[in-house]
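Chemist: So I've got this file, upload33.cif, and it contains mmCIF, C-alpha atoms:
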```cif
data_final
loop_
_atom_site.group_PDB
_atom_site.id
_atom_site.type_symbol
_atom_site.label_atom_id
_atom_site.label_comp_id
_atom_site.auth_asym_id
_atom_site.auth_seq_id
_atom_site.Cartn_x
_atom_site.Cartn_y
_atom_site.Cartn_z
ATOM 1 C CA MET A 1 -65.883 -37.840 25.220
ATOM 2 C CA GLY A 2 -64.690 -36.858 21.709
ATOM 3 C CA ILE A 3 -61.579 -34.918 20.778
ATOM 4 C CA THR A 4 -62.317 -31.503 19.310
ATOM 5 C CA LEU A 5 -60.131 -29.057 17.392
ATOM 6 C CA LYS A 6 -60.447 -26.642 20.292
ATOM 7 C CA SER A 7 -59.009 -29.184 22.735
ATOM 8 C CA ILE A 8 -55.972 -30.073 20.615
ATOM 9 C CA LEU A 9 -55.220 -26.553 19.324
ATOM 10 C CA PRO A 10 -52.822 -25.710 22.232
ATOM 11 C CA ILE A 11 -50.888 -28.918 21.537
ATOM 12 C CA LEU A 12 -50.628 -28.112 17.819
ATOM 13 C CA LEU A 13 -49.383 -24.604 18.580
ATOM 14 C CA LEU A 14 -46.772 -26.008 20.980
ATOM 15 C CA LEU A 15 -45.534 -28.504 18.389
ATOM 16 C CA PHE A 16 -45.366 -25.785 15.724
ATOM 17 C CA THR A 17 -43.392 -23.473 18.027
ATOM 18 C CA TYR A 18 -40.978 -26.274 18.958
ATOM 19 C CA SER A 19 -40.394 -27.139 15.296
ATOM 20 C CA CYS A 20 -39.604 -23.466 14.570
ATOM 21 C CA ILE A 21 -37.069 -23.401 17.393
ATOM 22 C CA LEU A 22 -35.400 -26.547 16.044
ATOM 23 C CA GLU A 23 -35.286 -24.975 12.592
ATOM 24 C CA GLU A 24 -33.670 -21.802 13.944
ATOM 25 C CA LYS A 25 -31.022 -23.800 15.801
ATOM 26 C CA LYS A 26 -30.261 -26.029 12.822
ATOM 27 C CA PRO A 27 -26.497 -25.760 12.295
ATOM 28 C CA LEU A 28 -25.177 -24.214 9.116
ATOM 29 C CA GLU A 29 -23.889 -26.500 6.445
ATOM 30 C CA LYS A 30 -20.156 -26.831 7.015
ATOM 31 C CA ILE A 31 -18.263 -24.873 4.363
ATOM 32 C CA GLN A 32 -14.490 -24.648 4.398
ATOM 33 C CA PHE A 33 -12.807 -21.295 3.923
ATOM 34 C CA ASN A 34 -10.378 -21.101 1.014
ATOM 35 C CA PHE A 35 -8.162 -18.191 0.065
ATOM 36 C CA PRO A 36 -9.964 -16.202 -2.660
ATOM 37 C CA GLN A 37 -8.454 -15.133 -5.960
ATOM 38 C CA LEU A 38 -7.477 -11.447 -5.814
ATOM 39 C CA VAL A 39 -7.169 -9.214 -8.864
ATOM 40 C CA ASN A 40 -6.900 -5.511 -9.548
ATOM 41 C CA SER A 41 -8.712 -4.601 -12.751
ATOM 42 C CA LYS A 42 -7.331 -1.046 -12.820
ATOM 43 C CA ILE A 43 -3.612 -1.757 -12.854
ATOM 44 C CA ASP A 44 -1.723 0.784 -14.898
ATOM 45 C CA THR A 45 0.836 -1.379 -16.688
ATOM 46 C CA SER A 46 2.979 1.683 -17.401
ATOM 47 C CA LEU A 47 3.784 2.041 -13.692
ATOM 48 C CA ARG A 48 6.642 0.276 -11.969
ATOM 49 C CA ILE A 49 5.750 -2.372 -9.374
ATOM 50 C CA SER A 50 7.903 -2.466 -6.268
ATOM 51 C CA LYS A 51 8.047 -3.855 -2.759
ATOM 52 C CA HIS A 52 8.047 -1.336 0.078
ATOM 53 C CA LYS A 53 11.438 -0.069 1.225
ATOM 54 C CA ALA A 54 12.291 0.695 4.858
ATOM 55 C CA ASP A 55 15.468 1.139 6.891
ATOM 56 C CA HIS A 56 13.905 1.309 10.382
ATOM 57 C CA VAL A 57 10.626 0.448 12.110
ATOM 58 C CA SER A 58 7.814 1.801 9.923
ATOM 59 C CA GLU A 59 4.570 3.559 10.757
ATOM 60 C CA ILE A 60 1.692 1.543 9.394
ATOM 61 C CA PHE A 61 -2.056 1.640 8.747
ATOM 62 C CA PRO A 62 -3.087 -1.778 7.350
ATOM 63 C CA PHE A 63 -5.798 -1.394 4.710
ATOM 64 C CA PHE A 64 -9.271 -2.762 5.356
ATOM 65 C CA ILE A 65 -10.622 -3.910 1.987
ATOM 66 C CA GLY A 66 -13.997 -5.407 2.896
ATOM 67 C CA LYS A 67 -16.188 -8.193 4.245
ATOM 68 C CA TYR A 68 -17.143 -11.187 2.098
ATOM 69 C CA ARG A 69 -18.905 -14.534 2.264
ATOM 70 C CA PHE A 70 -17.039 -17.824 1.991
ATOM 71 C CA SER A 71 -18.781 -18.349 -1.334
ATOM 72 C CA GLN A 72 -17.143 -15.257 -2.847
ATOM 73 C CA GLN A 73 -13.910 -16.559 -4.308
ATOM 74 C CA ASN A 74 -13.026 -13.745 -6.722
ATOM 75 C CA ILE A 75 -12.341 -10.231 -5.435
ATOM 76 C CA ASP A 76 -11.445 -7.182 -7.492
ATOM 77 C CA LEU A 77 -9.438 -4.759 -5.345
ATOM 78 C CA ALA A 78 -10.416 -1.941 -7.699
ATOM 79 C CA ASN A 79 -14.056 -2.368 -6.688
ATOM 80 C CA ARG A 80 -14.476 -1.788 -2.967
ATOM 81 C CA ALA A 81 -18.221 -1.159 -3.021
ATOM 82 C CA VAL A 82 -19.933 -2.609 0.045
ATOM 83 C CA ASP A 83 -22.523 -5.308 -0.596
ATOM 84 C CA THR A 84 -25.821 -3.535 0.129
ATOM 85 C CA ASN A 85 -27.043 -6.614 2.007
ATOM 86 C CA MET A 86 -24.161 -6.133 4.446
ATOM 87 C CA LEU A 87 -24.636 -2.422 5.134
ATOM 88 C CA LYS A 88 -26.719 -3.203 8.208
ATOM 89 C CA ASP A 89 -23.715 -4.992 9.731
ATOM 90 C CA TYR A 90 -21.650 -1.790 9.955
ATOM 91 C CA THR A 91 -21.993 0.526 12.951
ATOM 92 C CA TYR A 92 -20.411 3.954 13.289
ATOM 93 C CA SER A 93 -19.757 5.852 16.529
ATOM 94 C CA HIS A 94 -23.150 5.596 18.254
ATOM 95 C CA GLY A 95 -23.876 2.055 19.338
ATOM 96 C CA LEU A 96 -20.281 0.814 19.102
ATOM 97 C CA ASP A 97 -19.905 0.301 22.848
ATOM 98 C CA ILE A 98 -23.195 -1.592 23.071
ATOM 99 C CA LEU A 99 -22.276 -3.973 20.254
ATOM 100 C CA ALA A 100 -18.734 -4.377 21.538
ATOM 101 C CA ASP A 101 -20.133 -5.507 24.891
ATOM 102 C CA SER A 102 -22.828 -7.773 23.463
ATOM 103 C CA ILE A 103 -21.086 -9.546 20.545
ATOM 104 C CA ASP A 104 -18.002 -11.706 20.984
ATOM 105 C CA MET A 105 -14.682 -10.440 19.553
ATOM 106 C CA THR A 106 -12.831 -13.701 20.156
ATOM 107 C CA GLY A 107 -12.795 -16.934 18.169
ATOM 108 C CA LEU A 108 -11.887 -15.562 14.746
ATOM 109 C CA GLU A 109 -9.184 -17.293 12.706
ATOM 110 C CA LEU A 110 -6.276 -15.084 11.626
ATOM 111 C CA LEU A 111 -4.873 -16.443 8.364
ATOM 112 C CA VAL A 112 -2.035 -15.074 6.217
ATOM 113 C CA ASP A 113 -1.401 -15.657 2.511
ATOM 114 C CA TYR A 114 2.116 -14.241 2.156
ATOM 115 C CA GLU A 115 2.728 -16.185 -1.051
ATOM 116 C CA THR A 116 0.184 -14.015 -2.831
ATOM 117 C CA SER A 117 1.298 -10.559 -3.961
ATOM 118 C CA VAL A 118 -1.195 -7.910 -5.018
ATOM 119 C CA VAL A 119 -0.751 -4.310 -6.043
ATOM 120 C CA TYR A 120 -2.823 -1.600 -4.476
ATOM 121 C CA LYS A 121 -2.780 2.151 -4.891
ATOM 122 C CA GLU A 122 -3.670 4.384 -1.992
ATOM 123 C CA ARG A 123 -6.198 7.064 -2.819
ATOM 124 C CA TYR A 124 -3.938 9.859 -1.597
ATOM 125 C CA SER A 125 -0.923 8.576 -3.588
ATOM 126 C CA TRP A 126 -2.512 8.761 -7.015
ATOM 127 C CA ARG A 127 0.352 10.957 -8.242
ATOM 128 C CA ASP A 128 2.947 8.261 -7.470
ATOM 129 C CA SER A 129 4.560 6.561 -10.441
ATOM 130 C CA ILE A 130 4.989 3.281 -8.538
ATOM 131 C CA LEU A 131 2.570 0.508 -7.588
ATOM 132 C CA TYR A 132 3.442 -1.207 -4.317
ATOM 133 C CA GLU A 133 3.071 -4.858 -3.349
ATOM 134 C CA TYR A 134 0.929 -6.120 -0.497
ATOM 135 C CA TYR A 135 -0.125 -9.524 0.787
ATOM 136 C CA PRO A 136 -3.584 -10.505 2.057
ATOM 137 C CA VAL A 137 -4.527 -11.259 5.651
ATOM 138 C CA TYR A 138 -7.908 -12.713 6.596
ATOM 139 C CA PHE A 139 -10.067 -12.685 9.720
ATOM 140 C CA VAL A 140 -12.314 -15.710 9.240
ATOM 141 C CA ASN A 141 -15.465 -16.666 11.135
ATOM 142 C CA SER A 142 -15.758 -20.454 10.938
ATOM 143 C CA THR A 143 -17.864 -20.592 14.113
ATOM 144 C CA ASN A 144 -21.646 -20.768 14.370
ATOM 145 C CA THR A 145 -21.995 -17.418 16.130
ATOM 146 C CA ASP A 146 -21.601 -13.758 15.156
ATOM 147 C CA LYS A 147 -18.318 -11.984 15.858
ATOM 148 C CA PHE A 148 -17.524 -8.278 16.113
ATOM 149 C CA PHE A 149 -14.532 -6.373 14.713
ATOM 150 C CA LEU A 150 -13.381 -2.809 15.393
ATOM 151 C CA ALA A 151 -11.487 -0.507 13.025
ATOM 152 C CA LYS A 152 -11.017 3.166 12.154
ATOM 153 C CA ASP A 153 -11.366 5.118 8.916
ATOM 154 C CA SER A 154 -10.013 2.799 6.182
ATOM 155 C CA HIS A 155 -7.565 0.868 8.360
ATOM 156 C CA VAL A 156 -7.332 -1.733 11.105
ATOM 157 C CA PHE A 157 -5.005 -1.926 14.100
ATOM 158 C CA GLY A 158 -2.199 -4.303 13.204
ATOM 159 C CA ILE A 159 1.555 -4.587 12.700
ATOM 160 C CA GLN A 160 4.159 -7.043 11.426
ATOM 161 C CA GLU A 161 6.806 -8.730 13.558
ATOM 162 C CA ALA A 162 9.968 -10.544 12.508
ATOM 163 C CA SER A 163 12.155 -13.156 14.147
ATOM 164 C CA ASN A 164 15.558 -11.855 15.177
ATOM 165 C CA THR A 165 17.394 -14.868 16.557
ATOM 166 C CA GLU A 166 20.797 -13.239 16.100
ATOM 167 C CA GLN A 167 20.134 -10.681 18.849
ATOM 168 C CA ARG A 168 20.077 -12.964 21.875
ATOM 169 C CA SER A 169 19.651 -10.053 24.288
ATOM 170 C CA TYR A 170 16.172 -9.393 22.862
ATOM 171 C CA ALA A 171 13.006 -11.425 22.492
ATOM 172 C CA LYS A 172 12.693 -13.626 19.427
ATOM 173 C CA TRP A 173 9.873 -11.544 17.940
ATOM 174 C CA ILE A 174 10.584 -7.873 17.257
ATOM 175 C CA PRO A 175 8.048 -5.442 15.734
ATOM 176 C CA ILE A 176 9.165 -3.970 12.421
ATOM 177 C CA GLU A 177 6.094 -1.723 12.336
ATOM 178 C CA GLY A 178 4.180 0.496 14.732
ATOM 179 C CA LEU A 179 0.855 2.304 14.488
ATOM 180 C CA GLY A 180 1.227 5.549 12.570
ATOM 181 C CA ARG A 181 0.338 9.060 13.685
ATOM 182 C CA ASP A 182 -3.395 9.641 13.931
ATOM 183 C CA TRP A 183 -4.424 13.253 14.347
ATOM 184 C CA CYS A 184 -8.168 12.625 14.655
ATOM 185 C CA GLY A 185 -10.094 10.754 17.322
ATOM 186 C CA ASN A 186 -13.157 10.305 15.131
ATOM 187 C CA GLY A 187 -13.840 7.666 12.493
ATOM 188 C CA HIS A 188 -14.140 4.566 14.652
ATOM 189 C CA TRP A 189 -16.514 1.880 13.398
ATOM 190 C CA GLY A 190 -17.344 -1.774 13.841
ATOM 191 C CA VAL A 191 -18.684 -4.622 11.734
ATOM 192 C CA ILE A 192 -20.506 -7.840 12.575
ATOM 193 C CA ILE A 193 -18.914 -10.900 10.975
ATOM 194 C CA HIS A 194 -21.558 -13.569 10.587
ATOM 195 C CA PRO A 195 -20.733 -17.282 10.359
ATOM 196 C CA GLN A 196 -19.060 -18.173 7.041
ATOM 197 C CA GLU A 197 -17.883 -14.608 6.433
ATOM 198 C CA TYR A 198 -14.394 -13.114 6.425
ATOM 199 C CA LEU A 199 -12.555 -9.805 6.375
ATOM 200 C CA LEU A 200 -9.810 -8.973 3.882
ATOM 201 C CA ILE A 201 -6.865 -6.805 4.974
ATOM 202 C CA LEU A 202 -3.690 -5.852 3.093
ATOM 203 C CA MET A 203 -0.232 -5.688 4.705
ATOM 204 C CA LYS A 204 2.941 -4.278 3.181
ATOM 205 C CA LYS A 205 5.419 -6.639 1.547
ATOM 206 C CA TYR A 206 8.940 -5.336 2.127
ATOM 207 C CA ASP A 207 12.085 -5.337 0.024
ATOM 208 C CA GLY A 208 15.187 -6.918 1.563
ATOM 209 C CA ASN A 209 17.513 -9.893 1.519
ATOM 210 C CA PHE A 210 17.184 -10.838 5.189
ATOM 211 C CA GLU A 211 15.103 -14.036 5.123
ATOM 212 C CA THR A 212 13.380 -14.855 8.395
ATOM 213 C CA ASP A 213 10.089 -15.814 10.018
ATOM 214 C CA LEU A 214 7.357 -13.177 10.042
ATOM 215 C CA ARG A 215 3.978 -12.927 11.717
ATOM 216 C CA VAL A 216 1.223 -10.338 12.116
ATOM 217 C CA ARG A 217 -0.266 -8.963 15.331
ATOM 218 C CA PHE A 218 -3.660 -7.251 15.586
ATOM 219 C CA LYS A 219 -5.598 -5.531 18.335
ATOM 220 C CA VAL A 220 -9.389 -5.888 18.221
ATOM 221 C CA GLY A 221 -10.907 -4.080 21.163
ATOM 222 C CA GLU A 222 -9.027 -5.450 24.175
ATOM 223 C CA ASN A 223 -8.099 -8.669 22.372
ATOM 224 C CA ILE A 224 -4.764 -9.453 20.714
ATOM 225 C CA TYR A 225 -4.574 -11.767 17.702
ATOM 226 C CA VAL A 226 -1.196 -13.167 16.595
ATOM 227 C CA SER A 227 -0.819 -15.257 13.445
ATOM 228 C CA LYS A 228 1.240 -18.364 12.894
ATOM 229 C CA ALA A 229 4.764 -17.722 11.621
ATOM 230 C CA PHE A 230 5.489 -17.654 7.896
ATOM 231 C CA LYS A 231 8.653 -17.234 5.825
ATOM 232 C CA GLY A 232 9.416 -13.815 4.357
ATOM 233 C CA SER A 233 12.100 -11.235 3.636
ATOM 234 C CA ILE A 234 12.820 -7.793 5.061
ATOM 235 C CA ASN A 235 15.667 -5.309 5.416
ATOM 236 C CA GLU A 236 17.544 -6.225 8.614
ATOM 237 C CA ASN A 237 17.653 -2.531 9.563
ATOM 238 C CA GLN A 238 13.880 -2.681 10.062
ATOM 239 C CA PHE A 239 14.498 -4.000 13.566
ATOM 240 C CA LYS A 240 15.886 -0.587 14.557
ATOM 241 C CA ILE A 241 13.572 1.989 16.056
ATOM 242 C CA LYS A 242 16.094 4.799 15.646
ATOM 243 C CA GLY A 243 15.170 6.947 12.669
ATOM 244 C CA ASN A 244 11.433 7.006 13.330
ATOM 245 C CA PHE A 245 10.968 10.159 15.402
ATOM 246 C CA HIS A 246 7.265 9.580 16.123
ATOM 247 C CA LEU A 247 7.706 6.089 17.552
ATOM 248 C CA GLU A 248 10.929 6.980 19.379
ATOM 249 C CA SER A 249 9.267 9.992 20.957
ATOM 250 C CA ALA A 250 6.182 8.003 21.984
ATOM 251 C CA LEU A 251 8.329 5.348 23.671
ATOM 252 C CA SER A 252 10.333 8.031 25.440
ATOM 253 C CA ASP A 253 7.258 9.916 26.684
ATOM 254 C CA SER A 254 5.299 6.904 27.928
ATOM 255 C CA TYR A 255 6.939 3.567 27.290
ATOM 256 C CA MET A 256 4.147 1.203 28.377
ATOM 257 C CA PHE A 257 1.435 3.332 26.757
ATOM 258 C CA ALA A 258 3.318 3.109 23.450
ATOM 259 C CA ILE A 259 3.860 -0.639 23.850
ATOM 260 C CA GLU A 260 0.139 -1.197 24.376
ATOM 261 C CA ASN A 261 -1.292 1.262 21.853
ATOM 262 C CA LEU A 262 1.322 1.534 19.085
ATOM 263 C CA PHE A 263 2.879 -1.949 19.180
ATOM 264 C CA PHE A 264 -0.093 -3.874 20.645
ATOM 265 C CA GLY A 265 1.986 -5.591 23.309
ATOM 266 C CA ALA A 266 5.156 -6.165 21.269
ATOM 267 C CA PHE A 267 8.505 -4.778 22.470
ATOM 268 C CA PRO A 268 10.714 -3.030 19.900
ATOM 269 C CA MET A 269 14.481 -3.328 19.916
ATOM 270 C CA MET A 270 15.767 -0.193 21.649
ATOM 271 C CA GLU A 271 19.306 0.966 21.020
ATOM 272 C CA GLU A 272 21.427 1.955 23.979
#
```
Would you put the structure from the file into structure tokens?

Modeler:
Amino acid sequence: MGITLKSILPILLLLFTYSCILEEKKPLEKIQFNFPQLVNSKIDTSLRISKHKADHVSEIFPFFIGKYRFSQQNIDLANRAVDTNMLKDYTYSHGLDILADSIDMTGLELLVDYETSVVYKERYSWRDSILYEYYPVYFVNSTNTDKFFLAKDSHVFGIQEASNTEQRSYAKWIPIEGLGRDWCGNGHWGVIIHPQEYLLILMKKYDGNFETDLRVRFKVGENIYVSKAFKGSINENQFKIKGNFHLESALSDSYMFAIENLFFGAFPMMEE
């Protein structure tokens, strides 16, 4: 009895389908993430460049700059246009809860490049005669699966902490920043971070002669990310909460609510 095309067609279809599945599951070529080169093509050289000054715990809104592929190694901070091929990865308001439940928010690498200083001008401070220094922080997806990140308006939810080993009555790590006042509940959005993609965020670099260990702490959904420690400098008075009415008041009204939502689980140094 001879073999006909009709008799072997199901087998051919099965083999073709199996080969497609293998192709889809083929792992990505391993590419290592490297810190990109950051520039600002619209620096006004007539303006003075300065580190941020603070004499108590500051209110902060870390800047979200954008999402990039590992292959993009040169970023101009003056050009924040979103890659049109990535627009589909952003979700606003409707659909956030569904994506947050279906795509993992854990497994990202949190990397800090404190040695790099960049200048950045906030849109609402265009009248200022000073350019302020920031340093880049990266959320990196080196896994083989998609990750999800939540943010609001043009900022993310993160703060800086500093080591205060002199104050033995307190924990080693003390927040020197807290989430600023936010008068609007709208503006929440999320972005899918595909494998071999990263997010760029800017944190304030402070003026001061107190050299110590620093680290950054972020809240992404219900997850807390804390970076490895790195050497930096601040004003020692930045450990003090007194002087920031908003954060003092929030801690007084509902201590644990403020700890969770303004300091993301960190405990500020309260004065007696």

Chemist: Find the residues near Tyr135 (chain A): any atom within 10 Å, counting all atoms listed in the file, skip ones fewer than 3 places away on the same chain, and give them as a ChimeraX atom specification.

Modeler: /A:112-120,201-205

Chemist: Output C-alpha atoms for every residue in that selection, as an mmCIF file, in the coordinates of the input.

Modeler:
```
data_model
loop_
_atom_site.group_PDB
_atom_site.id
_atom_site.type_symbol
_atom_site.label_atom_id
_atom_site.label_comp_id
_atom_site.auth_asym_id
_atom_site.auth_seq_id
_atom_site.Cartn_x
_atom_site.Cartn_y
_atom_site.Cartn_z
ATOM 1 C CA VAL A 112 -2.035 -15.074 6.217
ATOM 2 C CA ASP A 113 -1.401 -15.657 2.511
ATOM 3 C CA TYR A 114 2.116 -14.241 2.156
ATOM 4 C CA GLU A 115 2.728 -16.185 -1.051
ATOM 5 C CA THR A 116 0.184 -14.015 -2.831
ATOM 6 C CA SER A 117 1.298 -10.559 -3.961
ATOM 7 C CA VAL A 118 -1.195 -7.910 -5.018
ATOM 8 C CA VAL A 119 -0.751 -4.310 -6.043
ATOM 9 C CA TYR A 120 -2.823 -1.600 -4.476
ATOM 10 C CA ILE A 201 -6.865 -6.805 4.974
ATOM 11 C CA LEU A 202 -3.690 -5.852 3.093
ATOM 12 C CA MET A 203 -0.232 -5.688 4.705
ATOM 13 C CA LYS A 204 2.941 -4.278 3.181
ATOM 14 C CA LYS A 205 5.419 -6.639 1.547
#
```

Chemist: Applied to this file, what does the PyMOL selection byres ((chain A and resi 152-156) around 9) return in terms of residues, put as an MDAnalysis selection string?

Modeler: chainID A and resid 61:65 150:151 157:158 186:190 201 218:220

Chemist: Residues near Ile193 (chain A), anyone? I mean within 8 Å using all atoms listed in the file, not counting same-chain ones fewer than 2 positions away, as a PyMOL selection string.

Modeler: chain A and resi 67+89+141+146-149+191+195+197-199

Chemist: Keeping C-alpha atoms for every residue in the selection just given, could you write it to a file as a JSON list (two decimals), keeping the file's coordinate frame?

Modeler:
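Final file, again-v6.json:
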```json
[["chain", "number", "residue", "atom", "x", "y", "z"],
["A", 67, "LYS", "CA", -16.19, -8.19, 4.24],
["A", 89, "ASP", "CA", -23.72, -4.99, 9.73],
["A", 141, "ASN", "CA", -15.46, -16.67, 11.14],
["A", 146, "ASP", "CA", -21.60, -13.76, 15.16],
["A", 147, "LYS", "CA", -18.32, -11.98, 15.86],
["A", 148, "PHE", "CA", -17.52, -8.28, 16.11],
["A", 149, "PHE", "CA", -14.53, -6.37, 14.71],
["A", 191, "VAL", "CA", -18.68, -4.62, 11.73],
["A", 195, "PRO", "CA", -20.73, -17.28, 10.36],
["A", 197, "GLU", "CA", -17.88, -14.61, 6.43],
["A", 198, "TYR", "CA", -14.39, -13.11, 6.42],
["A", 199, "LEU", "CA", -12.56, -9.80, 6.38]]
```

Chemist: Please provide as an MDAnalysis selection string all residues within 12 Å of Ala81 (chain A), with the sequence filter that same-chain residues fewer than 5 positions apart are discarded (counting all atoms listed in the file).

Modeler: chainID A and resid 65:68 75:76 86:87

Chemist: Which one is closest to Gly221 (chain A): A:Gln32, A:Asn40, A:Asn235, A:Asn261? Count all atoms listed in the file.

Modeler: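 Smallest distance to Gly221 (chain A) is found for A:Asn261.
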
Chemist: To one decimal place, how far is CA of Glu248 (chain A) from CA of Asp182 (chain A) in Å?

Modeler: 15.6 Å

Chemist: Considering all atoms listed in the file, state which residue in the set A:Ala250, A:Ile49, A:Ile98, A:Met269 is at the smallest distance from Ser163 (chain A).

Modeler: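 Among the listed residues, the smallest separation from Ser163 (chain A) belongs to A:Met269.
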
Chemist: List the spatial neighbours of Trp173 (chain A) as a list of chain:residue names - criterion: any atom at most 7 Å away, all atoms listed in the file, same-chain residues fewer than 4 positions off excluded.

Modeler: A:Glu161, A:Ala162, A:Ser163, A:Asn164

Chemist: Considering only C-alpha atoms, can you say which of A:Gly265, A:Gly107, A:Gly243, A:Pro175 comes closest to Phe139 (chain A)?

Modeler: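 Looking only at the distances to Phe139 (chain A), the closest residue turns out to be A:Gly107.
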
Chemist: If you measure from CA of Phe239 (chain A) to CA of Asp213 (chain A), what distance in Å do you get, rounded to one decimal?

Modeler: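 If I compute the distance from CA of Phe239 (chain A) to CA of Asp213 (chain A), I get 13.1 Å.
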
Chemist: Show me, as a compact mmCIF listing (two decimals) with C-alpha atoms, keeping the file's coordinate frame, the residues that have an atom within 6 Å of Ile159 (chain A) when counting only C-alpha atoms, minus same-chain residues fewer than 4 positions from it.

Modeler:
```
# COMPACT_ATOMS: atom_id res chain seq x y z
CA GLU A 177 6.09 -1.72 12.34
CA VAL A 216 1.22 -10.34 12.12
CA ARG A 217 -0.27 -8.96 15.33
```

Chemist: Calculated over all atoms listed in the file, which of the candidates A:Asn237, A:Leu108, A:Ile224, A:Glu133 has the smallest distance to Phe263 (chain A)?

Modeler: A:Ile224

Chemist: Would you mind writing region 107-120 of chain A with N, CA, C and O atoms, as a PDB file, in the frame of the given file?

Modeler:
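Below you can see rebuild13.pdb, which holds the result:
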```pdb
ATOM      1  N   GLY A 107     -12.407 -15.741  18.919  1.00  0.00           N
ATOM      2  CA  GLY A 107     -12.795 -16.934  18.169  1.00  0.00           C
ATOM      3  C   GLY A 107     -12.622 -16.843  16.671  1.00  0.00           C
ATOM      4  O   GLY A 107     -12.903 -17.803  15.946  1.00  0.00           O
ATOM      5  N   LEU A 108     -12.163 -15.685  16.176  1.00  0.00           N
ATOM      6  CA  LEU A 108     -11.887 -15.562  14.746  1.00  0.00           C
ATOM      7  C   LEU A 108     -10.567 -16.242  14.408  1.00  0.00           C
ATOM      8  O   LEU A 108      -9.650 -16.297  15.230  1.00  0.00           O
ATOM      9  N   GLU A 109     -10.451 -16.765  13.193  1.00  0.00           N
ATOM     10  CA  GLU A 109      -9.184 -17.293  12.706  1.00  0.00           C
ATOM     11  C   GLU A 109      -8.428 -16.166  12.002  1.00  0.00           C
ATOM     12  O   GLU A 109      -9.011 -15.437  11.199  1.00  0.00           O
ATOM     13  N   LEU A 110      -7.143 -16.067  12.284  1.00  0.00           N
ATOM     14  CA  LEU A 110      -6.276 -15.084  11.626  1.00  0.00           C
ATOM     15  C   LEU A 110      -5.362 -15.847  10.672  1.00  0.00           C
ATOM     16  O   LEU A 110      -4.464 -16.565  11.101  1.00  0.00           O
ATOM     17  N   LEU A 111      -5.595 -15.682   9.376  1.00  0.00           N
ATOM     18  CA  LEU A 111      -4.873 -16.443   8.364  1.00  0.00           C
ATOM     19  C   LEU A 111      -4.122 -15.494   7.437  1.00  0.00           C
ATOM     20  O   LEU A 111      -4.626 -14.438   7.068  1.00  0.00           O
ATOM     21  N   VAL A 112      -2.918 -15.903   7.040  1.00  0.00           N
ATOM     22  CA  VAL A 112      -2.035 -15.074   6.217  1.00  0.00           C
ATOM     23  C   VAL A 112      -1.698 -15.807   4.926  1.00  0.00           C
ATOM     24  O   VAL A 112      -1.361 -16.992   4.946  1.00  0.00           O
ATOM     25  N   ASP A 113      -1.775 -15.094   3.816  1.00  0.00           N
ATOM     26  CA  ASP A 113      -1.401 -15.657   2.511  1.00  0.00           C
ATOM     27  C   ASP A 113      -0.231 -14.843   1.950  1.00  0.00           C
ATOM     28  O   ASP A 113      -0.390 -14.069   1.013  1.00  0.00           O
ATOM     29  N   TYR A 114       0.951 -15.035   2.547  1.00  0.00           N
ATOM     30  CA  TYR A 114       2.116 -14.241   2.156  1.00  0.00           C
ATOM     31  C   TYR A 114       2.589 -14.576   0.745  1.00  0.00           C
ATOM     32  O   TYR A 114       3.221 -13.747   0.076  1.00  0.00           O
ATOM     33  N   GLU A 115       2.282 -15.774   0.280  1.00  0.00           N
ATOM     34  CA  GLU A 115       2.728 -16.185  -1.051  1.00  0.00           C
ATOM     35  C   GLU A 115       2.037 -15.391  -2.157  1.00  0.00           C
ATOM     36  O   GLU A 115       2.540 -15.309  -3.277  1.00  0.00           O
ATOM     37  N   THR A 116       0.908 -14.820  -1.846  1.00  0.00           N
ATOM     38  CA  THR A 116       0.184 -14.015  -2.831  1.00  0.00           C
ATOM     39  C   THR A 116       0.626 -12.556  -2.747  1.00  0.00           C
ATOM     40  O   THR A 116       0.678 -11.980  -1.664  1.00  0.00           O
ATOM     41  N   SER A 117       0.957 -11.983  -3.888  1.00  0.00           N
ATOM     42  CA  SER A 117       1.298 -10.559  -3.961  1.00  0.00           C
ATOM     43  C   SER A 117       0.249  -9.849  -4.795  1.00  0.00           C
ATOM     44  O   SER A 117      -0.117 -10.321  -5.876  1.00  0.00           O
ATOM     45  N   VAL A 118      -0.233  -8.731  -4.284  1.00  0.00           N
ATOM     46  CA  VAL A 118      -1.195  -7.910  -5.018  1.00  0.00           C
ATOM     47  C   VAL A 118      -0.703  -6.473  -5.019  1.00  0.00           C
ATOM     48  O   VAL A 118       0.047  -6.065  -4.127  1.00  0.00           O
ATOM     49  N   VAL A 119      -1.108  -5.735  -6.010  1.00  0.00           N
ATOM     50  CA  VAL A 119      -0.751  -4.310  -6.043  1.00  0.00           C
ATOM     51  C   VAL A 119      -1.980  -3.502  -5.668  1.00  0.00           C
ATOM     52  O   VAL A 119      -3.105  -3.855  -5.997  1.00  0.00           O
ATOM     53  N   TYR A 120      -1.714  -2.422  -4.963  1.00  0.00           N
ATOM     54  CA  TYR A 120      -2.823  -1.600  -4.476  1.00  0.00           C
ATOM     55  C   TYR A 120      -2.338  -0.168  -4.415  1.00  0.00           C
ATOM     56  O   TYR A 120      -1.213   0.100  -3.973  1.00  0.00           O
TER      57      TYR A 120
END
```
